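S.K.: What follows is target.cif, made up of mmCIF, C-alpha atoms:
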```cif
data_work
#
loop_
_atom_site.group_PDB
_atom_site.id
_atom_site.type_symbol
_atom_site.label_atom_id
_atom_site.label_comp_id
_atom_site.auth_asym_id
_atom_site.auth_seq_id
_atom_site.Cartn_x
_atom_site.Cartn_y
_atom_site.Cartn_z
ATOM 1 C CA MET A 28 -6.786 22.157 -19.783
ATOM 2 C CA ARG A 29 -8.870 20.998 -22.703
ATOM 3 C CA VAL A 30 -12.486 21.414 -21.634
ATOM 4 C CA LEU A 31 -15.788 20.279 -23.113
ATOM 5 C CA LEU A 32 -18.489 22.665 -21.894
ATOM 6 C CA THR A 33 -22.108 21.713 -22.582
ATOM 7 C CA GLY A 34 -24.701 24.470 -22.553
ATOM 8 C CA ALA A 35 -22.030 26.956 -23.603
ATOM 9 C CA ALA A 36 -24.518 29.330 -25.256
ATOM 10 C CA GLY A 37 -26.732 29.590 -22.201
ATOM 11 C CA PHE A 38 -26.805 32.151 -19.428
ATOM 12 C CA ILE A 39 -24.341 30.474 -17.071
ATOM 13 C CA GLY A 40 -22.462 28.603 -19.791
ATOM 14 C CA SER A 41 -21.479 31.678 -21.782
ATOM 15 C CA HIS A 42 -20.118 33.374 -18.653
ATOM 16 C CA LEU A 43 -18.192 30.243 -17.684
ATOM 17 C CA ALA A 44 -16.735 29.913 -21.183
ATOM 18 C CA GLU A 45 -15.381 33.437 -20.879
ATOM 19 C CA ARG A 46 -13.797 32.627 -17.505
ATOM 20 C CA LEU A 47 -12.225 29.395 -18.705
ATOM 21 C CA LEU A 48 -10.757 31.107 -21.754
ATOM 22 C CA ALA A 49 -9.457 33.976 -19.629
ATOM 23 C CA ASP A 50 -7.758 31.403 -17.395
ATOM 24 C CA GLY A 51 -5.942 29.970 -20.419
ATOM 25 C CA HIS A 52 -7.966 26.826 -21.069
ATOM 26 C CA GLU A 53 -9.083 25.471 -24.445
ATOM 27 C CA VAL A 54 -12.871 25.258 -24.595
ATOM 28 C CA THR A 55 -15.082 23.228 -26.896
ATOM 29 C CA GLY A 56 -18.535 24.700 -26.411
ATOM 30 C CA PHE A 57 -21.503 22.415 -27.032
ATOM 31 C CA ASP A 58 -25.089 23.659 -27.346
ATOM 32 C CA SER A 59 -28.274 22.643 -29.137
ATOM 33 C CA PHE A 60 -29.598 26.239 -29.399
ATOM 34 C CA ASP A 61 -32.978 24.810 -28.409
ATOM 35 C CA SER A 62 -35.755 27.423 -28.528
ATOM 36 C CA PHE A 63 -38.081 25.522 -26.171
ATOM 37 C CA LEU A 64 -37.952 28.113 -23.361
ATOM 38 C CA TYR A 65 -36.760 31.209 -25.206
ATOM 39 C CA ASP A 66 -35.650 32.457 -28.601
ATOM 40 C CA ALA A 67 -32.443 30.849 -29.854
ATOM 41 C CA ALA A 68 -31.356 34.317 -31.010
ATOM 42 C CA THR A 69 -30.696 35.124 -27.343
ATOM 43 C CA LYS A 70 -28.178 32.286 -27.219
ATOM 44 C CA GLU A 71 -26.593 33.524 -30.427
ATOM 45 C CA ARG A 72 -26.007 36.870 -28.732
ATOM 46 C CA ASN A 73 -24.568 35.131 -25.684
ATOM 47 C CA VAL A 74 -21.824 33.438 -27.711
ATOM 48 C CA ALA A 75 -21.225 36.221 -30.227
ATOM 49 C CA ALA A 76 -18.200 37.501 -28.316
ATOM 50 C CA LEU A 77 -16.783 33.978 -28.001
ATOM 51 C CA THR A 78 -16.919 33.048 -31.666
ATOM 52 C CA GLY A 79 -13.525 33.392 -33.268
ATOM 53 C CA ARG A 80 -11.626 33.728 -29.995
ATOM 54 C CA PRO A 81 -8.409 31.687 -29.830
ATOM 55 C CA GLY A 82 -8.951 28.474 -27.943
ATOM 56 C CA PHE A 83 -12.731 28.367 -28.457
ATOM 57 C CA ARG A 84 -14.674 26.034 -30.719
ATOM 58 C CA LEU A 85 -18.478 25.882 -30.902
ATOM 59 C CA VAL A 86 -20.371 22.678 -31.745
ATOM 60 C CA ARG A 87 -24.109 22.859 -32.418
ATOM 61 C CA ALA A 88 -25.607 19.512 -31.479
ATOM 62 C CA ASP A 89 -27.910 17.689 -29.090
ATOM 63 C CA LEU A 90 -27.130 15.640 -25.970
ATOM 64 C CA LEU A 91 -29.063 12.751 -27.488
ATOM 65 C CA ASP A 92 -26.336 12.373 -30.145
ATOM 66 C CA ALA A 93 -24.336 9.809 -28.184
ATOM 67 C CA ARG A 94 -21.857 9.108 -30.965
ATOM 68 C CA LEU A 95 -20.870 12.754 -31.320
ATOM 69 C CA LEU A 96 -20.489 13.126 -27.557
ATOM 70 C CA ARG A 97 -18.030 10.239 -27.540
ATOM 71 C CA GLU A 98 -16.001 11.923 -30.260
ATOM 72 C CA LEU A 99 -15.996 15.279 -28.485
ATOM 73 C CA CYS A 100 -14.895 13.786 -25.171
ATOM 74 C CA ARG A 101 -11.780 12.218 -26.662
ATOM 75 C CA GLY A 102 -8.653 14.034 -25.525
ATOM 76 C CA LYS A 103 -10.464 16.232 -23.006
ATOM 77 C CA ASP A 104 -9.119 16.819 -19.521
ATOM 78 C CA LEU A 105 -12.408 18.028 -18.066
ATOM 79 C CA VAL A 106 -16.099 17.972 -18.960
ATOM 80 C CA VAL A 107 -18.419 20.627 -17.536
ATOM 81 C CA HIS A 108 -22.061 19.650 -17.991
ATOM 82 C CA LEU A 109 -24.387 22.658 -17.803
ATOM 83 C CA ALA A 110 -26.746 21.788 -20.669
ATOM 84 C CA ALA A 111 -30.298 20.984 -19.564
ATOM 85 C CA LEU A 112 -33.905 21.923 -19.973
ATOM 86 C CA ALA A 113 -34.573 24.258 -17.043
ATOM 87 C CA GLY A 114 -37.737 25.508 -15.407
ATOM 88 C CA VAL A 115 -40.179 24.037 -12.916
ATOM 89 C CA ARG A 116 -43.509 24.912 -14.550
ATOM 90 C CA PRO A 117 -42.572 23.886 -18.109
ATOM 91 C CA SER A 118 -41.370 20.548 -16.757
ATOM 92 C CA ILE A 119 -44.801 19.904 -15.263
ATOM 93 C CA ALA A 120 -46.320 20.523 -18.695
ATOM 94 C CA ASP A 121 -43.921 18.175 -20.529
ATOM 95 C CA PRO A 122 -42.165 15.675 -18.212
ATOM 96 C CA PRO A 123 -41.061 13.279 -21.007
ATOM 97 C CA ARG A 124 -39.114 16.002 -22.799
ATOM 98 C CA TYR A 125 -37.285 16.862 -19.573
ATOM 99 C CA ALA A 126 -36.487 13.217 -18.924
ATOM 100 C CA ARG A 127 -35.035 12.760 -22.404
ATOM 101 C CA THR A 128 -32.766 15.810 -22.265
ATOM 102 C CA ASN A 129 -31.833 15.916 -18.599
ATOM 103 C CA VAL A 130 -31.643 12.222 -17.757
ATOM 104 C CA GLU A 131 -30.910 10.417 -21.023
ATOM 105 C CA GLY A 132 -28.702 13.300 -22.181
ATOM 106 C CA THR A 133 -26.711 13.255 -18.940
ATOM 107 C CA LEU A 134 -26.379 9.481 -19.129
ATOM 108 C CA ASN A 135 -25.080 9.821 -22.699
ATOM 109 C CA LEU A 136 -22.471 12.305 -21.537
ATOM 110 C CA PHE A 137 -21.289 10.184 -18.617
ATOM 111 C CA GLU A 138 -21.065 7.200 -20.976
ATOM 112 C CA ALA A 139 -19.043 9.306 -23.408
ATOM 113 C CA CYS A 140 -16.667 10.239 -20.586
ATOM 114 C CA ARG A 141 -16.272 6.558 -19.657
ATOM 115 C CA SER A 142 -15.604 5.601 -23.278
ATOM 116 C CA ALA A 143 -13.105 8.411 -23.822
ATOM 117 C CA GLY A 144 -11.293 8.001 -20.520
ATOM 118 C CA VAL A 145 -12.334 11.377 -19.080
ATOM 119 C CA HIS A 146 -12.168 11.142 -15.295
ATOM 120 C CA ARG A 147 -12.997 14.713 -14.252
ATOM 121 C CA VAL A 148 -16.568 16.057 -14.588
ATOM 122 C CA VAL A 149 -18.447 19.014 -13.109
ATOM 123 C CA PHE A 150 -22.239 18.680 -13.261
ATOM 124 C CA ALA A 151 -24.759 21.499 -12.822
ATOM 125 C CA SER A 152 -27.457 20.378 -10.425
ATOM 126 C CA SER A 153 -30.041 22.612 -8.748
ATOM 127 C CA SER A 154 -31.387 23.707 -5.384
ATOM 128 C CA SER A 155 -34.665 22.222 -6.635
ATOM 129 C CA VAL A 156 -33.468 18.774 -5.545
ATOM 130 C CA TYR A 157 -34.190 19.704 -1.919
ATOM 131 C CA GLY A 158 -37.941 19.857 -2.577
ATOM 132 C CA ALA A 159 -40.478 21.769 -0.513
ATOM 133 C CA ARG A 160 -39.277 22.648 2.989
ATOM 134 C CA ASP A 161 -40.663 24.989 5.603
ATOM 135 C CA ALA A 162 -38.656 27.755 7.247
ATOM 136 C CA ALA A 163 -37.699 25.448 10.116
ATOM 137 C CA ALA A 164 -35.827 23.134 7.711
ATOM 138 C CA VAL A 165 -33.377 25.714 6.357
ATOM 139 C CA PRO A 166 -30.655 26.351 5.464
ATOM 140 C CA PHE A 167 -30.283 23.450 3.048
ATOM 141 C CA ARG A 168 -27.217 21.286 3.569
ATOM 142 C CA GLU A 169 -25.664 18.889 1.089
ATOM 143 C CA ALA A 170 -26.189 15.955 3.465
ATOM 144 C CA ASP A 171 -29.955 16.556 3.644
ATOM 145 C CA PRO A 172 -32.058 13.764 2.138
ATOM 146 C CA CYS A 173 -33.314 14.780 -1.298
ATOM 147 C CA ILE A 174 -36.049 12.235 -1.836
ATOM 148 C CA SER A 175 -39.108 14.425 -2.507
ATOM 149 C CA PRO A 176 -38.490 16.618 -5.560
ATOM 150 C CA ALA A 177 -41.468 18.899 -6.204
ATOM 151 C CA SER A 178 -41.313 18.903 -10.025
ATOM 152 C CA PRO A 179 -40.134 16.737 -12.916
ATOM 153 C CA TYR A 180 -37.265 19.215 -13.443
ATOM 154 C CA ALA A 181 -36.103 18.709 -9.860
ATOM 155 C CA ALA A 182 -36.399 14.940 -10.236
ATOM 156 C CA THR A 183 -34.243 14.961 -13.366
ATOM 157 C CA LYS A 184 -31.521 16.923 -11.593
ATOM 158 C CA ARG A 185 -31.563 14.515 -8.659
ATOM 159 C CA ALA A 186 -31.376 11.649 -11.154
ATOM 160 C CA GLY A 187 -28.260 13.241 -12.608
ATOM 161 C CA GLU A 188 -26.659 13.335 -9.167
ATOM 162 C CA LEU A 189 -27.471 9.664 -8.610
ATOM 163 C CA LEU A 190 -26.004 8.745 -12.003
ATOM 164 C CA ALA A 191 -22.882 10.671 -11.007
ATOM 165 C CA SER A 192 -22.568 8.535 -7.886
ATOM 166 C CA THR A 193 -22.973 5.350 -9.935
ATOM 167 C CA TYR A 194 -20.354 6.345 -12.501
ATOM 168 C CA ARG A 195 -17.886 7.232 -9.766
ATOM 169 C CA ASP A 196 -18.448 3.921 -7.994
ATOM 170 C CA LEU A 197 -18.335 1.732 -11.119
ATOM 171 C CA PHE A 198 -15.868 3.534 -13.352
ATOM 172 C CA GLY A 199 -13.815 5.841 -11.125
ATOM 173 C CA ILE A 200 -14.961 9.062 -12.777
ATOM 174 C CA GLY A 201 -14.572 12.013 -10.424
ATOM 175 C CA ILE A 202 -17.804 14.036 -10.538
ATOM 176 C CA THR A 203 -18.647 17.207 -8.653
ATOM 177 C CA SER A 204 -22.318 18.224 -8.584
ATOM 178 C CA LEU A 205 -23.068 21.895 -8.001
ATOM 179 C CA ARG A 206 -26.475 22.805 -6.597
ATOM 180 C CA PHE A 207 -27.103 26.284 -7.997
ATOM 181 C CA PHE A 208 -29.495 28.540 -6.082
ATOM 182 C CA THR A 209 -31.592 30.888 -8.305
ATOM 183 C CA VAL A 210 -28.877 32.429 -10.448
ATOM 184 C CA TYR A 211 -29.420 35.912 -11.881
ATOM 185 C CA GLY A 212 -27.443 38.659 -13.586
ATOM 186 C CA PRO A 213 -26.602 39.864 -17.102
ATOM 187 C CA ARG A 214 -27.841 37.416 -19.777
ATOM 188 C CA GLN A 215 -30.314 35.781 -17.411
ATOM 189 C CA ARG A 216 -32.898 33.790 -19.349
ATOM 190 C CA PRO A 217 -35.819 36.050 -20.316
ATOM 191 C CA GLU A 218 -38.477 33.799 -18.779
ATOM 192 C CA MET A 219 -36.884 33.845 -15.322
ATOM 193 C CA ALA A 220 -38.484 35.970 -12.624
ATOM 194 C CA ILE A 221 -36.009 38.837 -12.286
ATOM 195 C CA HIS A 222 -35.723 39.350 -16.035
ATOM 196 C CA LYS A 223 -39.466 38.974 -16.568
ATOM 197 C CA PHE A 224 -40.346 41.355 -13.718
ATOM 198 C CA THR A 225 -37.831 43.939 -14.926
ATOM 199 C CA ARG A 226 -39.222 43.827 -18.453
ATOM 200 C CA ALA A 227 -42.804 44.263 -17.227
ATOM 201 C CA LEU A 228 -42.025 47.092 -14.824
ATOM 202 C CA ALA A 229 -39.917 48.946 -17.367
ATOM 203 C CA ALA A 230 -42.840 48.773 -19.808
ATOM 204 C CA GLY A 231 -45.318 50.080 -17.234
ATOM 205 C CA GLN A 232 -47.097 46.733 -17.000
ATOM 206 C CA PRO A 233 -48.250 44.905 -13.858
ATOM 207 C CA VAL A 234 -46.132 42.124 -12.431
ATOM 208 C CA THR A 235 -47.861 38.770 -11.941
ATOM 209 C CA LEU A 236 -47.054 37.204 -8.585
ATOM 210 C CA PHE A 237 -48.218 33.779 -7.472
ATOM 211 C CA GLY A 238 -49.110 33.243 -3.833
ATOM 212 C CA ASP A 239 -48.983 35.977 -1.196
ATOM 213 C CA GLY A 240 -45.479 37.331 -1.845
ATOM 214 C CA THR A 241 -43.877 35.651 1.154
ATOM 215 C CA THR A 242 -42.134 32.852 -0.737
ATOM 216 C CA ALA A 243 -38.388 33.397 -0.499
ATOM 217 C CA ARG A 244 -35.387 32.487 -2.614
ATOM 218 C CA ASP A 245 -31.644 32.489 -2.178
ATOM 219 C CA TYR A 246 -30.791 34.650 -5.198
ATOM 220 C CA THR A 247 -27.185 34.282 -6.367
ATOM 221 C CA PHE A 248 -25.404 36.701 -8.692
ATOM 222 C CA ILE A 249 -23.766 35.195 -11.754
ATOM 223 C CA ASP A 250 -20.237 36.337 -10.818
ATOM 224 C CA ASP A 251 -20.426 34.386 -7.558
ATOM 225 C CA ILE A 252 -21.682 31.285 -9.359
ATOM 226 C CA ILE A 253 -18.846 31.480 -11.862
ATOM 227 C CA ASP A 254 -16.279 31.872 -9.069
ATOM 228 C CA GLY A 255 -17.609 28.733 -7.393
ATOM 229 C CA THR A 256 -17.852 26.749 -10.612
ATOM 230 C CA ALA A 257 -14.326 27.682 -11.685
ATOM 231 C CA ALA A 258 -13.041 26.587 -8.271
ATOM 232 C CA ALA A 259 -14.873 23.256 -8.657
ATOM 233 C CA CYS A 260 -13.304 22.786 -12.097
ATOM 234 C CA ALA A 261 -9.850 23.231 -10.585
ATOM 235 C CA ARG A 262 -10.517 20.875 -7.657
ATOM 236 C CA VAL A 263 -12.439 17.920 -9.131
ATOM 237 C CA ALA A 264 -10.269 14.811 -9.104
ATOM 238 C CA PRO A 265 -10.560 11.283 -10.556
ATOM 239 C CA GLY A 266 -12.423 8.893 -8.295
ATOM 240 C CA GLU A 267 -13.855 11.597 -6.025
ATOM 241 C CA LEU A 268 -17.553 12.396 -5.617
ATOM 242 C CA ALA A 269 -18.586 15.778 -4.230
ATOM 243 C CA VAL A 270 -21.711 17.911 -3.916
ATOM 244 C CA TYR A 271 -21.668 21.636 -3.171
ATOM 245 C CA ASN A 272 -24.310 24.290 -2.638
ATOM 246 C CA LEU A 273 -23.541 27.502 -4.516
ATOM 247 C CA GLY A 274 -25.858 30.221 -3.249
ATOM 248 C CA GLY A 275 -25.914 33.715 -1.865
ATOM 249 C CA SER A 276 -26.634 32.324 1.625
ATOM 250 C CA ARG A 277 -29.393 34.888 2.175
ATOM 251 C CA THR A 278 -33.121 34.847 1.404
ATOM 252 C CA THR A 279 -35.283 37.512 -0.244
ATOM 253 C CA THR A 280 -39.064 37.365 -0.405
ATOM 254 C CA LEU A 281 -40.902 37.744 -3.685
ATOM 255 C CA SER A 282 -42.485 41.016 -2.571
ATOM 256 C CA ARG A 283 -39.103 42.443 -1.563
ATOM 257 C CA LEU A 284 -37.606 41.368 -4.880
ATOM 258 C CA VAL A 285 -40.219 43.370 -6.799
ATOM 259 C CA GLU A 286 -39.563 46.380 -4.543
ATOM 260 C CA LEU A 287 -35.849 46.213 -5.313
ATOM 261 C CA ILE A 288 -36.381 45.980 -9.074
ATOM 262 C CA ALA A 289 -38.936 48.813 -9.068
ATOM 263 C CA GLY A 290 -36.593 50.964 -7.013
ATOM 264 C CA ALA A 291 -33.691 50.371 -9.401
ATOM 265 C CA LEU A 292 -35.962 51.296 -12.327
ATOM 266 C CA GLY A 293 -37.479 54.284 -10.525
ATOM 267 C CA VAL A 294 -41.081 53.114 -10.957
ATOM 268 C CA THR A 295 -44.016 52.215 -8.738
ATOM 269 C CA PRO A 296 -44.940 48.537 -9.137
ATOM 270 C CA ARG A 297 -48.439 47.239 -9.847
ATOM 271 C CA ILE A 298 -49.091 43.653 -8.818
ATOM 272 C CA ASP A 299 -51.446 41.116 -10.383
ATOM 273 C CA TRP A 300 -51.905 38.535 -7.614
ATOM 274 C CA GLN A 301 -52.581 34.956 -8.669
ATOM 275 C CA PRO A 302 -52.932 31.626 -6.774
ATOM 276 C CA GLU A 303 -49.865 29.557 -5.941
ATOM 277 C CA GLN A 304 -48.608 27.317 -8.736
ATOM 278 C CA PRO A 305 -47.882 23.567 -8.564
ATOM 279 C CA GLY A 306 -44.199 22.797 -8.151
ATOM 280 C CA ASP A 307 -43.319 26.055 -6.391
ATOM 281 C CA VAL A 308 -41.540 25.713 -3.046
ATOM 282 C CA PRO A 309 -41.878 28.170 -0.137
ATOM 283 C CA ILE A 310 -38.197 28.828 0.438
ATOM 284 C CA THR A 311 -34.661 28.059 -0.695
ATOM 285 C CA PHE A 312 -31.644 28.917 1.435
ATOM 286 C CA ALA A 313 -28.121 27.566 0.949
ATOM 287 C CA ASP A 314 -25.683 26.534 3.618
ATOM 288 C CA VAL A 315 -22.424 27.204 1.746
ATOM 289 C CA SER A 316 -20.023 26.242 4.515
ATOM 290 C CA ARG A 317 -18.782 23.150 2.669
ATOM 291 C CA ALA A 318 -18.121 25.139 -0.511
ATOM 292 C CA ALA A 319 -16.410 27.829 1.566
ATOM 293 C CA ARG A 320 -14.195 25.274 3.268
ATOM 294 C CA GLU A 321 -13.256 23.170 0.239
ATOM 295 C CA LEU A 322 -13.593 25.580 -2.722
ATOM 296 C CA GLY A 323 -12.863 28.892 -1.041
ATOM 297 C CA TYR A 324 -16.349 29.994 -2.099
ATOM 298 C CA ALA A 325 -17.526 33.328 -0.698
ATOM 299 C CA PRO A 326 -20.486 35.090 -2.353
ATOM 300 C CA LYS A 327 -19.684 38.772 -2.677
ATOM 301 C CA VAL A 328 -22.664 40.389 -4.429
ATOM 302 C CA PRO A 329 -25.696 41.134 -2.200
ATOM 303 C CA ILE A 330 -29.122 41.201 -3.826
ATOM 304 C CA GLU A 331 -29.359 45.000 -3.636
ATOM 305 C CA ALA A 332 -26.150 45.487 -5.640
ATOM 306 C CA GLY A 333 -26.928 42.592 -7.962
ATOM 307 C CA ILE A 334 -30.348 43.944 -8.923
ATOM 308 C CA THR A 335 -28.835 47.345 -9.690
ATOM 309 C CA ARG A 336 -26.239 45.715 -11.918
ATOM 310 C CA PHE A 337 -28.874 43.623 -13.649
ATOM 311 C CA VAL A 338 -31.095 46.648 -14.326
ATOM 312 C CA ASP A 339 -28.106 48.571 -15.709
ATOM 313 C CA TRP A 340 -27.421 45.678 -18.084
ATOM 314 C CA PHE A 341 -31.112 45.435 -19.044
ATOM 315 C CA ARG A 342 -31.296 49.138 -19.919
ATOM 316 C CA ALA A 343 -28.239 48.803 -22.151
ATOM 317 C CA GLN A 344 -29.903 46.118 -24.309
ATOM 318 C CA PRO A 345 -31.301 47.061 -27.728
ATOM 319 C CA GLY A 346 -34.995 47.837 -27.493
ATOM 320 C CA ALA A 347 -35.042 48.066 -23.692
#
```
Transcribe the structure of this file into structure tokens.

M.R.:
Amino acid sequence: MRVLLTGAAGFIGSHLAERLLADGHEVTGFDSFDSFLYDAATKERNVAALTGRPGFRLVRADLLDARLLRELCRGKDLVVHLAALAGVRPSIADPPRYARTNVEGTLNLFEACRSAGVHRVVFASSSSVYGARDAAAVPFREADPCISPASPYAATKRAGELLASTYRDLFGIGITSLRFFTVYGPRQRPEMAIHKFTRALAAGQPVTLFGDGTTARDYTFIDDIIDGTAAACARVAPGELAVYNLGGSRTTTLSRLVELIAGALGVTPRIDWQPEQPGDVPITFADVSRAARELGYAPKVPIEAGITRFVDWFRAQPGA
């Protein structure tokens, strides 16, 4: 297949580009190398091994360039849309920027697909669309109403799902939305919790935790996410609309997460406790039965093994 992959220089995108190339597909990678959340040099390192590989082309551009998107979509068999501004707290600080990139940018891409006759799209959504739920309302299922997003970021991802539904209904574009649950692993963005905690603990610094440590997340190792995304790429069909949870289907509290990282590093953690932050939710927990049934999805990497693998990768980085 000829694939346009947005966000190709990011954490998940660079791993997916490698998988698609390994499976024999031609990949046009698209990325703005935006330094809003972290240094663009990190993205350069992510794609360094891809540059020059047969079948891979990298385009540096922005989702707001609608004309270029139309050109890039021409002749493509599949579009995988991972590019977005991520992060709950930064979205609270700058909602308009998130709306422009995540909503207008996604609309531009769907329009480009319509113009170019691309009828197969995979869209990266987020577990954030489920909003704040208590422990009695888990696990999260794709049929749950998602009408109370807890942050502008979550709202933009839900907006993308709704646009996907509209473009399927009006124009017959088959779009699969994947709700990722807290992805981690090698190349994880440096501002994300596991990477940030590992960096602090390795440097002998305290870890800042918000709340009382009981908030829980369904952490999902990157290899499992890529398996599920690759399966979605193979299955998405013109005219079909689908939504899948991709998670580890297991929760880990914040306090336990720090214990696991400290244990892998061989250090004793020090905690700087701070009040809960706006936009945080108490728990995420994926029901992956639909993805298991229709995509053959089966997460294989438990958090204990995944943290060890992440710490091994972290220690191998220059300056770690």

S.K.: Mind checking which residues fall within 9 Å of A:Ser276, counting all atoms listed in the file, ignoring those fewer than 2 positions away in the same chain, and posting them as a PyMOL selection string?

M.R.: chain A and resi 166+245-247+273-274+278+312-315+326

S.K.: Go ahead and save the residues from that selection, with C-alpha atoms, as an mmCIF file, keeping the file's coordinate frame.

M.R.:
```cif
data_model
loop_
_atom_site.group_PDB
_atom_site.id
_atom_site.type_symbol
_atom_site.label_atom_id
_atom_site.label_comp_id
_atom_site.auth_asym_id
_atom_site.auth_seq_id
_atom_site.Cartn_x
_atom_site.Cartn_y
_atom_site.Cartn_z
ATOM 1 C CA PRO A 166 -30.655 26.351 5.464
ATOM 2 C CA ASP A 245 -31.644 32.489 -2.178
ATOM 3 C CA TYR A 246 -30.791 34.650 -5.198
ATOM 4 C CA THR A 247 -27.185 34.282 -6.367
ATOM 5 C CA LEU A 273 -23.541 27.502 -4.516
ATOM 6 C CA GLY A 274 -25.858 30.221 -3.249
ATOM 7 C CA THR A 278 -33.121 34.847 1.404
ATOM 8 C CA PHE A 312 -31.644 28.917 1.435
ATOM 9 C CA ALA A 313 -28.121 27.566 0.949
ATOM 10 C CA ASP A 314 -25.683 26.534 3.618
ATOM 11 C CA VAL A 315 -22.424 27.204 1.746
ATOM 12 C CA PRO A 326 -20.486 35.090 -2.353
#
```

S.K.: To test your reading of the syntax: which residues would the PyMOL selection byres ((chain A and resi 43) around 10) return for the file shown? Reply as a list in words.

M.R.: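 So the PyMOL selection byres ((chain A and resi 43) around 10) ends up selecting Leu32, Gly34, Ala35, Ala36, Gly37, Phe38, Ile39, Gly40, Ser41, His42, Ala44, Glu45, Arg46, Leu47, Leu48, Ala49, Val107, Leu109, Ile249, Asp250, Ile252, Ile253, Asp254, Thr256 and Ala257 of chain A.
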
S.K.: I need the residue nearest A:Gly199 from this list: A:Cys260, A:Leu134, A:Cys140, A:Leu31. Use all atoms listed in the file for the distance.

M.R.: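 Smallest distance to A:Gly199 is found for A:Cys140.
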
S.K.: Counting all atoms listed in the file, find the residues whose atoms lie at most 8 Å from (-43.8, 40.3, -10.2) (file coordinates) and write them out as a ChimeraX atom specification.

M.R.: /A:220,223-224,233-236,281-282,285,298-299

S.K.: Quick one: residues within 9 Å of A:Gly323, all atoms listed in the file counted, chain neighbours fewer than 4 positions away excluded, as a list of chain:residue names?

M.R.: A:Gly255, A:Ala258, A:Ala318, A:Ala319

S.K.: Any idea what's packed within 10 Å of A:Phe137, counting all atoms listed in the file, ignoring anything in its chain fewer than 6 positions away? Could you give it as JSON, numbers by chain?

M.R.: {"A": [96, 97, 100, 106, 108, 131, 143, 145, 146, 148, 187, 190, 191, 194, 195, 200, 202]}
